[in-house]
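Q: Just so it is clear, I am handing over protein07.cif, which has mmCIF, C-alpha atoms.
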data_final
loop_
_atom_site.group_PDB
_atom_site.id
_atom_site.type_symbol
_atom_site.label_atom_id
_atom_site.label_comp_id
_atom_site.auth_asym_id
_atom_site.auth_seq_id
_atom_site.Cartn_x
_atom_site.Cartn_y
_atom_site.Cartn_z
ATOM 1 C CA MET Q 44 119.356 8.308 -117.208
ATOM 2 C CA LYS Q 45 122.674 6.620 -117.966
ATOM 3 C CA LYS Q 46 122.002 4.115 -115.174
ATOM 4 C CA ILE Q 47 118.605 3.183 -116.638
ATOM 5 C CA VAL Q 48 120.072 2.692 -120.122
ATOM 6 C CA LEU Q 49 122.966 0.686 -118.656
ATOM 7 C CA LEU Q 50 120.642 -1.502 -116.553
ATOM 8 C CA SER Q 51 118.335 -2.050 -119.535
ATOM 9 C CA SER Q 52 121.289 -3.050 -121.708
ATOM 10 C CA VAL Q 53 122.633 -5.463 -119.076
ATOM 11 C CA ALA Q 54 119.165 -6.971 -118.569
ATOM 12 C CA LEU Q 55 118.729 -7.443 -122.331
ATOM 13 C CA ILE Q 56 122.147 -9.094 -122.675
ATOM 14 C CA LEU Q 57 121.565 -11.409 -119.694
ATOM 15 C CA ASN Q 58 118.101 -12.312 -120.960
ATOM 16 C CA SER Q 59 119.454 -13.271 -124.395
ATOM 17 C CA CYS Q 60 122.223 -15.326 -122.746
ATOM 18 C CA VAL Q 61 119.684 -17.198 -120.615
ATOM 19 C CA VAL Q 62 117.439 -17.901 -123.626
ATOM 20 C CA SER Q 63 120.430 -18.955 -125.723
ATOM 21 C CA THR Q 64 121.737 -21.235 -122.957
ATOM 22 C CA ALA Q 65 118.283 -22.726 -122.380
ATOM 23 C CA ALA Q 66 117.943 -23.451 -126.106
ATOM 24 C CA LYS Q 67 121.329 -25.188 -126.101
ATOM 25 C CA VAL Q 68 120.344 -27.280 -123.068
ATOM 26 C CA VAL Q 69 117.088 -28.372 -124.731
ATOM 27 C CA LYS Q 70 118.896 -29.143 -127.986
ATOM 28 C CA GLY Q 71 121.589 -31.047 -126.052
ATOM 29 C CA ALA Q 72 118.961 -33.037 -124.146
ATOM 30 C CA VAL Q 73 117.269 -33.975 -127.413
ATOM 31 C CA ASN Q 74 120.590 -35.128 -128.875
ATOM 32 C CA VAL Q 75 121.464 -37.120 -125.739
ATOM 33 C CA SER Q 76 118.069 -38.794 -125.622
ATOM 34 C CA TYR Q 77 118.330 -39.680 -129.316
ATOM 35 C CA LYS Q 78 121.744 -41.261 -128.777
ATOM 36 C CA ALA Q 79 120.683 -42.989 -125.579
ATOM 37 C CA VAL Q 80 117.831 -44.942 -127.175
ATOM 38 C CA LYS Q 81 117.886 -46.815 -130.445
ATOM 39 C CA GLY Q 82 114.914 -49.022 -131.211
ATOM 40 C CA THR Q 83 112.474 -50.827 -128.982
ATOM 41 C CA VAL Q 84 111.697 -54.458 -128.303
ATOM 42 C CA ASN Q 85 108.215 -55.184 -127.026
ATOM 43 C CA GLY Q 86 108.005 -51.589 -125.823
ATOM 44 C CA ILE Q 87 111.401 -51.774 -124.053
ATOM 45 C CA SER Q 88 114.087 -49.350 -125.212
ATOM 46 C CA TRP Q 89 117.592 -50.465 -126.104
ATOM 47 C CA ALA Q 90 120.148 -48.308 -124.285
ATOM 48 C CA VAL Q 91 123.002 -47.502 -126.639
ATOM 49 C CA SER Q 92 125.442 -45.604 -124.462
ATOM 50 C CA LYS Q 93 127.817 -47.400 -122.130
ATOM 51 C CA ALA Q 94 127.639 -46.638 -118.443
ATOM 52 C CA LYS Q 95 130.083 -43.962 -117.382
ATOM 53 C CA GLY Q 96 132.149 -45.293 -114.505
ATOM 54 C CA LYS Q 97 131.738 -48.223 -112.160
ATOM 55 C CA ILE Q 98 128.335 -49.902 -111.855
ATOM 56 C CA ASP Q 99 127.372 -51.013 -108.355
ATOM 57 C CA GLU Q 100 127.161 -54.821 -108.336
ATOM 58 C CA ASP Q 101 123.870 -54.701 -106.414
ATOM 59 C CA ARG Q 102 122.188 -53.224 -109.513
ATOM 60 C CA VAL Q 103 122.548 -56.533 -111.395
ATOM 61 C CA ASP Q 104 120.963 -58.481 -108.532
ATOM 62 C CA GLY Q 105 117.705 -60.268 -109.340
ATOM 63 C CA THR Q 106 116.020 -62.204 -112.107
ATOM 64 C CA TRP Q 107 116.395 -60.860 -115.641
ATOM 65 C CA LYS Q 108 114.290 -62.034 -118.591
ATOM 66 C CA VAL Q 109 115.967 -62.060 -122.027
ATOM 67 C CA VAL Q 110 113.769 -59.973 -124.351
ATOM 68 C CA GLY Q 111 116.148 -59.094 -127.175
ATOM 69 C CA ALA Q 112 119.331 -60.188 -128.889
ATOM 70 C CA TYR Q 113 121.384 -58.350 -131.501
ATOM 71 C CA LYS Q 114 123.566 -60.215 -133.975
ATOM 72 C CA GLY Q 115 126.809 -58.345 -133.616
ATOM 73 C CA SER Q 116 128.875 -56.456 -131.083
ATOM 74 C CA PHE Q 117 128.059 -53.278 -129.195
ATOM 75 C CA GLU Q 118 130.247 -51.369 -131.656
ATOM 76 C CA ASP Q 119 128.256 -52.796 -134.589
ATOM 77 C CA PHE Q 120 125.028 -51.844 -132.826
ATOM 78 C CA THR Q 121 126.032 -48.214 -132.290
ATOM 79 C CA ASN Q 122 126.935 -47.867 -135.991
ATOM 80 C CA ASP Q 123 123.812 -49.655 -137.280
ATOM 81 C CA GLN Q 124 121.170 -47.271 -138.624
ATOM 82 C CA ASN Q 125 118.331 -49.799 -138.229
ATOM 83 C CA PRO Q 126 119.245 -52.307 -135.543
ATOM 84 C CA GLU Q 127 116.788 -55.122 -135.153
ATOM 85 C CA SER Q 128 116.475 -57.623 -132.380
ATOM 86 C CA SER Q 129 116.764 -61.173 -133.636
ATOM 87 C CA PHE Q 130 115.578 -62.829 -130.451
ATOM 88 C CA THR Q 131 112.757 -65.317 -130.642
ATOM 89 C CA SER Q 132 112.188 -67.602 -127.734
ATOM 90 C CA ASP Q 133 111.423 -71.244 -128.381
ATOM 91 C CA CYS Q 134 109.922 -71.536 -124.904
ATOM 92 C CA THR Q 135 106.295 -72.637 -124.843
ATOM 93 C CA GLU Q 136 106.147 -72.138 -121.078
ATOM 94 C CA GLY Q 137 108.289 -69.646 -119.215
ATOM 95 C CA PHE Q 138 111.147 -67.607 -120.697
ATOM 96 C CA ASP Q 139 114.922 -67.495 -121.015
ATOM 97 C CA GLN Q 140 116.390 -65.742 -118.008
ATOM 98 C CA ILE Q 141 119.483 -65.171 -115.938
ATOM 99 C CA ILE Q 142 119.425 -64.928 -112.158
ATOM 100 C CA PHE Q 143 122.088 -62.906 -110.323
ATOM 101 C CA LYS Q 144 122.748 -63.177 -106.589
ATOM 102 C CA ALA Q 145 125.108 -60.252 -106.074
ATOM 103 C CA LYS Q 146 125.725 -60.861 -102.361
ATOM 104 C CA LYS Q 147 127.045 -64.346 -103.152
ATOM 105 C CA SER Q 148 128.634 -63.328 -106.487
ATOM 106 C CA LYS Q 149 126.974 -66.070 -108.497
ATOM 107 C CA PHE Q 150 124.581 -66.308 -111.407
ATOM 108 C CA LYS Q 151 122.532 -68.951 -113.153
ATOM 109 C CA PRO Q 152 121.210 -68.900 -116.724
ATOM 110 C CA VAL Q 153 117.860 -70.675 -116.992
ATOM 111 C CA HIS Q 154 116.292 -71.792 -120.259
ATOM 112 C CA CYS Q 155 112.485 -71.510 -120.345
ATOM 113 C CA SER Q 156 112.353 -70.781 -116.578
ATOM 114 C CA ILE Q 157 112.337 -74.503 -115.835
ATOM 115 C CA GLU Q 158 115.661 -76.118 -116.728
ATOM 116 C CA LYS Q 159 117.954 -76.666 -113.795
ATOM 117 C CA GLU Q 160 121.375 -75.097 -114.263
ATOM 118 C CA ASP Q 161 124.304 -74.920 -111.889
ATOM 119 C CA TRP Q 162 125.205 -71.680 -110.153
ATOM 120 C CA VAL Q 163 128.344 -70.066 -111.571
ATOM 121 C CA LYS Q 164 130.679 -67.958 -109.393
ATOM 122 C CA TYR Q 165 131.659 -64.621 -110.914
ATOM 123 C CA SER Q 166 133.415 -61.391 -110.092
ATOM 124 C CA MET Q 167 132.247 -58.035 -111.395
ATOM 125 C CA GLU Q 168 135.073 -55.673 -112.244
ATOM 126 C CA PHE Q 169 135.544 -52.179 -113.606
ATOM 127 C CA GLY Q 170 138.723 -51.893 -115.605
ATOM 128 C CA LYS Q 171 140.374 -53.061 -118.806
ATOM 129 C CA ASN Q 172 138.355 -56.001 -120.127
ATOM 130 C CA PRO Q 173 140.832 -58.664 -121.371
ATOM 131 C CA VAL Q 174 138.610 -59.417 -124.395
ATOM 132 C CA THR Q 175 137.644 -55.933 -125.617
ATOM 133 C CA LYS Q 176 140.771 -54.176 -124.263
ATOM 134 C CA GLU Q 177 138.505 -51.280 -123.171
ATOM 135 C CA LYS Q 178 137.926 -49.830 -119.722
ATOM 136 C CA GLU Q 179 134.424 -50.983 -118.831
ATOM 137 C CA ASN Q 180 132.280 -52.930 -116.386
ATOM 138 C CA TYR Q 181 132.541 -56.660 -116.967
ATOM 139 C CA ILE Q 182 131.775 -59.983 -115.363
ATOM 140 C CA GLU Q 183 134.478 -62.650 -115.233
ATOM 141 C CA TYR Q 184 133.452 -66.256 -114.680
ATOM 142 C CA ASN Q 185 135.140 -69.654 -115.024
ATOM 143 C CA SER Q 186 138.509 -67.827 -114.893
ATOM 144 C CA ASN Q 187 138.606 -66.807 -118.576
ATOM 145 C CA ASN Q 188 135.058 -66.005 -119.730
ATOM 146 C CA TYR Q 189 133.867 -62.412 -119.849
ATOM 147 C CA ILE Q 190 130.529 -60.631 -120.252
ATOM 148 C CA SER Q 191 130.552 -56.845 -120.706
ATOM 149 C CA VAL Q 192 127.936 -54.975 -118.688
ATOM 150 C CA ILE Q 193 126.957 -52.161 -121.060
ATOM 151 C CA ASP Q 194 124.338 -50.557 -118.817
ATOM 152 C CA VAL Q 195 121.923 -51.393 -115.987
ATOM 153 C CA ASN Q 196 118.961 -49.494 -114.626
ATOM 154 C CA ASN Q 197 116.003 -50.511 -112.488
ATOM 155 C CA LYS Q 198 114.115 -51.954 -115.494
ATOM 156 C CA THR Q 199 116.622 -53.093 -118.111
ATOM 157 C CA MET Q 200 120.153 -54.359 -118.510
ATOM 158 C CA VAL Q 201 122.267 -54.681 -121.663
ATOM 159 C CA LEU Q 202 125.028 -57.318 -121.699
ATOM 160 C CA GLU Q 203 127.565 -58.221 -124.379
ATOM 161 C CA GLY Q 204 129.264 -61.578 -124.642
ATOM 162 C CA ASN Q 205 128.574 -65.293 -124.671
ATOM 163 C CA LEU Q 206 125.523 -65.109 -122.438
ATOM 164 C CA MET Q 207 123.443 -67.738 -124.224
ATOM 165 C CA PRO Q 208 125.464 -70.310 -126.177
ATOM 166 C CA LYS Q 209 122.451 -71.435 -128.242
ATOM 167 C CA LEU Q 210 122.075 -67.871 -129.624
ATOM 168 C CA ALA Q 211 125.813 -67.217 -129.864
ATOM 169 C CA PHE Q 212 126.079 -69.831 -132.613
ATOM 170 C CA SER Q 213 123.800 -67.647 -134.753
ATOM 171 C CA GLY Q 214 125.971 -64.574 -134.090
ATOM 172 C CA ALA Q 215 124.088 -62.957 -131.184
ATOM 173 C CA LYS Q 216 126.415 -61.068 -128.875
ATOM 174 C CA LEU Q 217 124.357 -58.205 -127.423
ATOM 175 C CA TYR Q 218 121.408 -58.952 -125.124
ATOM 176 C CA LEU Q 219 118.593 -56.812 -123.759
ATOM 177 C CA LEU Q 220 117.189 -58.058 -120.480
ATOM 178 C CA GLU Q 221 114.146 -56.891 -118.557
ATOM 179 C CA LYS Q 222 113.923 -57.112 -114.769
ATOM 180 C CA VAL Q 223 111.294 -59.615 -113.620
ATOM 181 C CA LYS Q 224 109.196 -58.201 -110.799
#
Would you put the structure from the file into structure tokens?
A:
Amino acid sequence: MKKIVLLSSVALILNSCVVSTAAKVVKGAVNVSYKAVKGTVNGISWAVSKAKGKIDEDRVDGTWKVVGAYKGSFEDFTNDQNPESSFTSDCTEGFDQIIFKAKKSKFKPVHCSIEKEDWVKYSMEFGKNPVTKEKENYIEYNSNNYISVIDVNNKTMVLEGNLMPKLAFSGAKLYLLEKVK
């Protein structure tokens, strides 16, 4: 009889621990997903959290279309309760884009998909960014220009820095890019 009572008690305690832990996991997942996405631009979510650790350079490879720009830094964006994208393209044909060729370590910004720009050599690093003084993924080009790589996945990329000089004059520093298929 004592064994049955003991087993029942242990089962009840373990069951409540499992339910409690599962509730915490669900609550934690909800909090993480809330912090990981803040606003959308044309149905594309802005990723708010920085990548943890080194980003493989091959992930930036390809053609990326600029779909959003935020006037302010990444820090401003994370503290903003209602961040809005201020990006409007003045392209009648095509779109603003940046093309990365990771194997050759070069990129090319292209305005309206038609303007011819020169390829720029870069190096992608993970370490203390000389501009932000934070340990992060960044791209160094022309020996003293830096673009922070906030996050990259198979659909979107978020960059911070002087990516598009024409928008930088209006205060844009954070860019949301969508991978072009």
Q: Apply the PyMOL selection byres ((chain Q and resi 102-117) around 6) to the file shown and report the selected residues as a count of residues only.
A: 26
Q: Which one is closest to Q:His154: Q:Val195, Q:Leu206, Q:Pro126, Q:Val174? Count all atoms listed in the file.
A: Q:Leu206
Q: May I have the centre and edge lengths, in Å to one decimal, of an axis-aligned box around the listed atoms of stretch 134-149 of chain Q with 3 Å added to every side, as JSON?
A:
{"center_x": 117.4, "center_y": -66.4, "center_z": -113.6, "size_x": 28.5, "size_y": 18.4, "size_z": 28.5}
Q: Can you measure atom CA of Q:Gly96 to atom CA of Q:Asn205 for me? One decimal in Å is fine.
A: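 It comes out at 22.7 Å.
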Q: For the file shown, report as a ChimeraX atom specification the outcome of the PyMOL selection byres ((chain Q and resi 182) around 7) at residue level.
A: /Q:165-168,181,183-184,189-191
Q: One decimal, Å: what's the distance from atom CA of Q:Ser148 over to atom CA of Q:Cys134, could you say?
A: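 Separation between atom CA of Q:Ser148 and atom CA of Q:Cys134: 27.5 Å.
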Q: Using atom CA of Q:Thr121 and atom CA of Q:Glu177 as the two end points, give the distance in Å to one decimal.
A: 15.8 Å
Q: Please expand the PyMOL selection byres ((chain Q and resi 169) around 7) into the concrete residues it hits in this file, giving the result as a tab-separated table (two decimals) with C-alpha atoms, in the frame of the given file.
A:
chain	number	residue	atom	x	y	z
Q	97	LYS	CA	131.74	-48.22	-112.16
Q	168	GLU	CA	135.07	-55.67	-112.24
Q	170	GLY	CA	138.72	-51.89	-115.60
Q	178	LYS	CA	137.93	-49.83	-119.72
Q	179	GLU	CA	134.42	-50.98	-118.83
Q	180	ASN	CA	132.28	-52.93	-116.39
Q	181	TYR	CA	132.54	-56.66	-116.97
Q: Find the spatial neighbours of Q:Trp162, counting only C-alpha atoms, within a cut-off of 9 Å - ignore same-chain residues fewer than 5 positions away - and output them as a list in words.
A: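 Here the answer would be Lys149, Phe150, Lys151 and Pro152 of chain Q.
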Q: Take the point (133.4, -71.2, -114.8) as written in the file and pick out every residue within 7 Å of it, counting all atoms listed in the file; give the list as a PyMOL selection string.
A: chain Q and resi 163-164+184-186
